[in-house]
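Single-structure report; data block below.
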Amino acid sequence: MAKPKVAFYWCASCGGCEETIVDLAEDILKVVEAVDIVLWPVALDFKLKDVKAWKPGEVAVAFINGAVRLSEQEEWVKLLREKCSLVVAFGSCAHLGGIPGLANATTRDEIIANKYLRAPTVNNPEGTVPQEKSKVNGFELELPNFWKDVKALDEVIDVDYYLPGCPPPFETVATAVNAILENKLPPKGSVIAPEKALCETCPRNESKPDDLTITSFKRLATSTPDPEKCFLADGFLCMGPATRGGCGERCINGNMPCRGCFGPTPDVLDAGLKMLSAVASRGAADTEQASQDFADSLVDPLGTLYRFSLPVSMLRRRLVPTGDNQ
Amino acid sequence: MANEQFEPRIVGFLCRWCSYTGADLAGTSRMQYPANLAAIRVMCSGRVDPTFVVKALKDGADGVLIAGCHPGDCHYSEGNYKAMRRYPMLLNLLDQFGIECGRVRLEWISASEGERFAEVVTEFTEQLKALGPLNWQESISALCTGT
């Protein structure tokens, strides 16, 4: 029997998801024994025309990581959707928009201006910025369109399963691959991770007081968390109560509060707002001024509460262009 | 720029024990106030999840009023304190999303303060007229689509 074919592809991402596979080291040989890797841009050379030559449905599964922001990424993922029986959104960026999704807190024009015109290290007296079409020595050059908005993968193509995490731990990848190989698939649209919040399995759960009270938020840049204590009880914003478990508590074990990469538990409409509701109500403040001070101690609520999920949040992006304060 | 023709749509989450009864008093006392507010009765201002406020703004409201018992008077002893703590944090968050803090208002209105209720609705309506329409859906789709 022919081995099932598997494709890996990346969009707007850092390469960390690829690292999960590379981290297998020699165990990758076992994967290759079970499946044929037919596309993997990080490690092997394939071209668009190779993928176009595949028959629809010929490839069993595509693991696609990264958010979608370029017309080129859209072309690739639509093509992979057509050629692959299953599409798995691999990692936080494909699942929720991820860190690249934080670009929705600003605008395309601001990004281009900061990157190509204003940055102190940029010397660009002619004010050249990337153009979709340009002519150099008589040749017409093309760049992909840089969208105004960052999208999660399922906003661009139909997605069968989600593997959360930044990056997904290999155990969950193995679970997914085995489920596919043994044809024991969960219902379409499932997030392959536990449904309970991280606090359920957190090694520090015991140290969480019954009546949790937060006086003000501390920042990791200026304070070090107690290595034993519940982060929230210690005054650090930990996304554990609003985030799926199953990550192996990697951050917690490294003395870092949860940042929310596994995304919300099911049935939560907007994880950031739920988290805000939960932590704000646990504040020690009992006057309006004290409530204001408590709120102000959480610097950058948008970036903290939606670190991995801005494009899929209810408000999805900043409404008006950011002011030009340069 | 104030728009004379613009009538803001306001969603009001009113606590069942104080502010909703206060609104009732304003009505039975035949006090005049703008008809811009759609009242939703909730058991407590502490029950108003920030998700409700955001959903209202997203789905077409120009402003949201949260009204509850005065601090110290909560029927459930501390629900309104929860509302009080969430409110400034929600405003900080909305500011980062580009939504003016003047669009969400928290007020303490007791069951006997019908007049205060009418005042708050009048003031808030004027404030929102000055801010203009939010039009979240249209503004956001203009920012998300097109090349």
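Letters for chains follow the order of the structure tokens (A, B, ...), residue numbers begin at 1 for each chain, and ligand numbers begin at 1 in the order shown.
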Return as a PyMOL selection string the residues belonging to chain B that are within 7 Å of chain A, counting only C-alpha atoms. chain B and resi 49-51+81-82+84-86+88-89+93+96-99+140+143-145+147
Near segment 56-73 of chain B, within 6 Å and counting only C-alpha atoms, which residues show up once chain neighbours fewer than 2 positions away are dropped, as a PyMOL selection string? chain B and resi 8-15+18-19+45+53-54+103-110+133-134+136
Enumerate, in order of chain and increasing residue number, the residues of segment 157-177 of chain A with an atom no farther than 10 Å from segment 53-64 of chain A, each with its shortest atom pair and distance in Å to one decimal, counting only C-alpha atoms, as a tab-separated table.
```
residue	atom	partner	partner_atom	distance
A:Val159	CA	A:Ile64	CA	9.7
A:Asp160	CA	A:Val61	CA	9.7
A:Tyr161	CA	A:Phe63	CA	9.5
A:Tyr162	CA	A:Phe63	CA	9.4
A:Leu163	CA	A:Phe63	CA	9.1
A:Val173	CA	A:Phe63	CA	9.8
A:Val177	CA	A:Val61	CA	9.2
```
Could those selected residues go to a file with N, CA and C atoms, as a PDB file, in the first residue's frame?
```
ATOM      1  N   VAL A 159     -11.083  24.775   7.012  1.00  0.00           N
ATOM      2  CA  VAL A 159     -10.082  24.058   7.807  1.00  0.00           C
ATOM      3  C   VAL A 159     -10.755  22.877   8.500  1.00  0.00           C
ATOM      4  N   ASP A 160     -10.095  21.695   8.465  1.00  0.00           N
ATOM      5  CA  ASP A 160     -10.691  20.511   9.084  1.00  0.00           C
ATOM      6  C   ASP A 160     -10.381  20.402  10.570  1.00  0.00           C
ATOM      7  N   TYR A 161      -9.118  20.634  10.933  1.00  0.00           N
ATOM      8  CA  TYR A 161      -8.716  20.505  12.345  1.00  0.00           C
ATOM      9  C   TYR A 161      -7.739  21.597  12.721  1.00  0.00           C
ATOM     10  N   TYR A 162      -7.661  21.820  14.015  1.00  0.00           N
ATOM     11  CA  TYR A 162      -6.748  22.841  14.533  1.00  0.00           C
ATOM     12  C   TYR A 162      -5.793  22.199  15.526  1.00  0.00           C
ATOM     13  N   LEU A 163      -4.523  22.479  15.349  1.00  0.00           N
ATOM     14  CA  LEU A 163      -3.532  22.055  16.339  1.00  0.00           C
ATOM     15  C   LEU A 163      -2.994  23.321  16.982  1.00  0.00           C
ATOM     16  N   VAL A 173       0.966  16.744  17.917  1.00  0.00           N
ATOM     17  CA  VAL A 173       1.143  16.480  16.488  1.00  0.00           C
ATOM     18  C   VAL A 173       1.065  14.974  16.252  1.00  0.00           C
ATOM     19  N   VAL A 177      -1.457  12.944  13.864  1.00  0.00           N
ATOM     20  CA  VAL A 177      -0.982  12.115  12.746  1.00  0.00           C
ATOM     21  C   VAL A 177      -1.495  10.681  12.909  1.00  0.00           C
TER      22      VAL A 177
END
```
Please report, as an NGL selection string, each residue of chain B to which DSSP assigns strand (DSSP E or B) when run on this structure's backbone. :B and (10-15 or 37-42 or 63-68 or 104-108)
Would you write out those residues with N, CA and C atoms, as a short mmCIF file (atom, residue, chain, number, x, y, z; two decimals), in the first residue's frame?
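The resulting file, result.cif, is reproduced below:
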```cif
data_model
loop_
_atom_site.label_atom_id
_atom_site.label_comp_id
_atom_site.auth_asym_id
_atom_site.auth_seq_id
_atom_site.Cartn_x
_atom_site.Cartn_y
_atom_site.Cartn_z
N ILE B 10 -28.59 53.63 21.86
CA ILE B 10 -27.93 53.32 23.13
C ILE B 10 -28.52 52.03 23.69
N VAL B 11 -27.64 51.13 24.10
CA VAL B 11 -28.12 49.94 24.82
C VAL B 11 -27.84 50.18 26.30
N GLY B 12 -28.84 50.01 27.11
CA GLY B 12 -28.66 50.24 28.55
C GLY B 12 -28.83 48.94 29.32
N PHE B 13 -27.79 48.53 30.03
CA PHE B 13 -27.90 47.36 30.92
C PHE B 13 -28.22 47.90 32.31
N LEU B 14 -29.46 47.68 32.75
CA LEU B 14 -29.91 48.27 34.01
C LEU B 14 -30.13 47.18 35.04
N CYS B 15 -29.59 47.40 36.21
CA CYS B 15 -29.72 46.40 37.27
C CYS B 15 -31.17 46.35 37.73
N LEU B 37 -32.59 55.18 24.28
CA LEU B 37 -32.03 54.06 25.04
C LEU B 37 -32.95 52.85 25.01
N ALA B 38 -32.38 51.71 24.62
CA ALA B 38 -33.11 50.44 24.72
C ALA B 38 -32.65 49.77 26.00
N ALA B 39 -33.57 49.62 26.95
CA ALA B 39 -33.18 49.10 28.26
C ALA B 39 -33.19 47.58 28.27
N ILE B 40 -32.16 47.01 28.84
CA ILE B 40 -32.11 45.55 29.06
C ILE B 40 -31.97 45.34 30.56
N ARG B 41 -32.92 44.61 31.11
CA ARG B 41 -32.89 44.39 32.56
C ARG B 41 -31.96 43.23 32.87
N VAL B 42 -31.01 43.46 33.74
CA VAL B 42 -30.11 42.39 34.18
C VAL B 42 -30.25 42.26 35.69
N GLY B 63 -23.58 53.66 21.69
CA GLY B 63 -23.12 53.80 23.06
C GLY B 63 -23.76 52.76 23.95
N VAL B 64 -23.12 52.49 25.10
CA VAL B 64 -23.66 51.51 26.05
C VAL B 64 -23.65 52.13 27.44
N LEU B 65 -24.80 52.04 28.11
CA LEU B 65 -24.90 52.49 29.50
C LEU B 65 -24.99 51.27 30.40
N ILE B 66 -24.15 51.26 31.43
CA ILE B 66 -24.27 50.22 32.46
C ILE B 66 -24.70 50.97 33.72
N ALA B 67 -25.81 50.58 34.31
CA ALA B 67 -26.25 51.29 35.51
C ALA B 67 -26.60 50.29 36.60
N GLY B 68 -26.14 50.60 37.81
CA GLY B 68 -26.38 49.70 38.94
C GLY B 68 -26.61 50.48 40.22
N VAL B 104 -19.02 54.41 26.35
CA VAL B 104 -19.48 53.48 27.39
C VAL B 104 -19.51 54.24 28.70
N ARG B 105 -20.61 54.14 29.39
CA ARG B 105 -20.78 54.93 30.61
C ARG B 105 -21.29 54.04 31.73
N LEU B 106 -20.70 54.23 32.91
CA LEU B 106 -21.15 53.49 34.10
C LEU B 106 -21.75 54.50 35.08
N GLU B 107 -22.96 54.25 35.54
CA GLU B 107 -23.63 55.18 36.46
C GLU B 107 -24.26 54.41 37.60
N TRP B 108 -24.31 55.05 38.74
CA TRP B 108 -25.03 54.47 39.89
C TRP B 108 -26.36 55.21 40.01
#
```
Separation of atom CA of Val32 of chain A and atom CA of Lys47 of chain A, in Å?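 Calculated distance between atom CA of Val32 of chain A and atom CA of Lys47 of chain A is 20.7 Å.
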Which one of B:Leu131, B:Ala142, B:Glu7, B:Asn92 sits closest to Pro34 of chain B if you count only C-alpha atoms?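 The answer is B:Glu7, which sits nearest to Pro34 of chain B.
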Give me, as a PyMOL selection string, the residues of segment 112-214 of chain A that a backbone DSSP run labels alpha helix (DSSP H). chain A and resi 112-113+170-181
Output the selection as a PDB file, in the first residue's frame - C-alpha atoms for each residue.
```pdb
ATOM      1  CA  ILE A 112       5.109  50.460   5.737  1.00  0.00           C
ATOM      2  CA  ALA A 113       5.957  53.956   6.969  1.00  0.00           C
ATOM      3  CA  PHE A 170       5.034  17.323  19.326  1.00  0.00           C
ATOM      4  CA  GLU A 171       2.813  15.011  21.396  1.00  0.00           C
ATOM      5  CA  THR A 172      -0.295  16.702  20.001  1.00  0.00           C
ATOM      6  CA  VAL A 173       1.143  16.480  16.488  1.00  0.00           C
ATOM      7  CA  ALA A 174       1.732  12.752  17.003  1.00  0.00           C
ATOM      8  CA  THR A 175      -1.852  12.339  18.284  1.00  0.00           C
ATOM      9  CA  ALA A 176      -3.169  14.062  15.173  1.00  0.00           C
ATOM     10  CA  VAL A 177      -0.982  12.115  12.746  1.00  0.00           C
ATOM     11  CA  ASN A 178      -1.926   8.797  14.377  1.00  0.00           C
ATOM     12  CA  ALA A 179      -5.623   9.701  14.280  1.00  0.00           C
ATOM     13  CA  ILE A 180      -5.287  10.372  10.557  1.00  0.00           C
ATOM     14  CA  LEU A 181      -3.296   7.188   9.882  1.00  0.00           C
TER      15      LEU A 181
END
```
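Straight-line separation from atom CA of Thr243 of chain A to atom CA of Cys199 of chain A: 8.4 Å.
Nearest residue to Arg30 of chain B among B:Ala118, B:Cys101, B:Leu94, B:Met43 is B:Ala118, counting only C-alpha atoms.
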Between atom CA of Lys52 of chain A and atom CA of Glu140 of chain A - distance in Å to one decimal: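 For atom CA of Glu140 of chain A relative to atom CA of Lys52 of chain A, the distance reads 24.3 Å.
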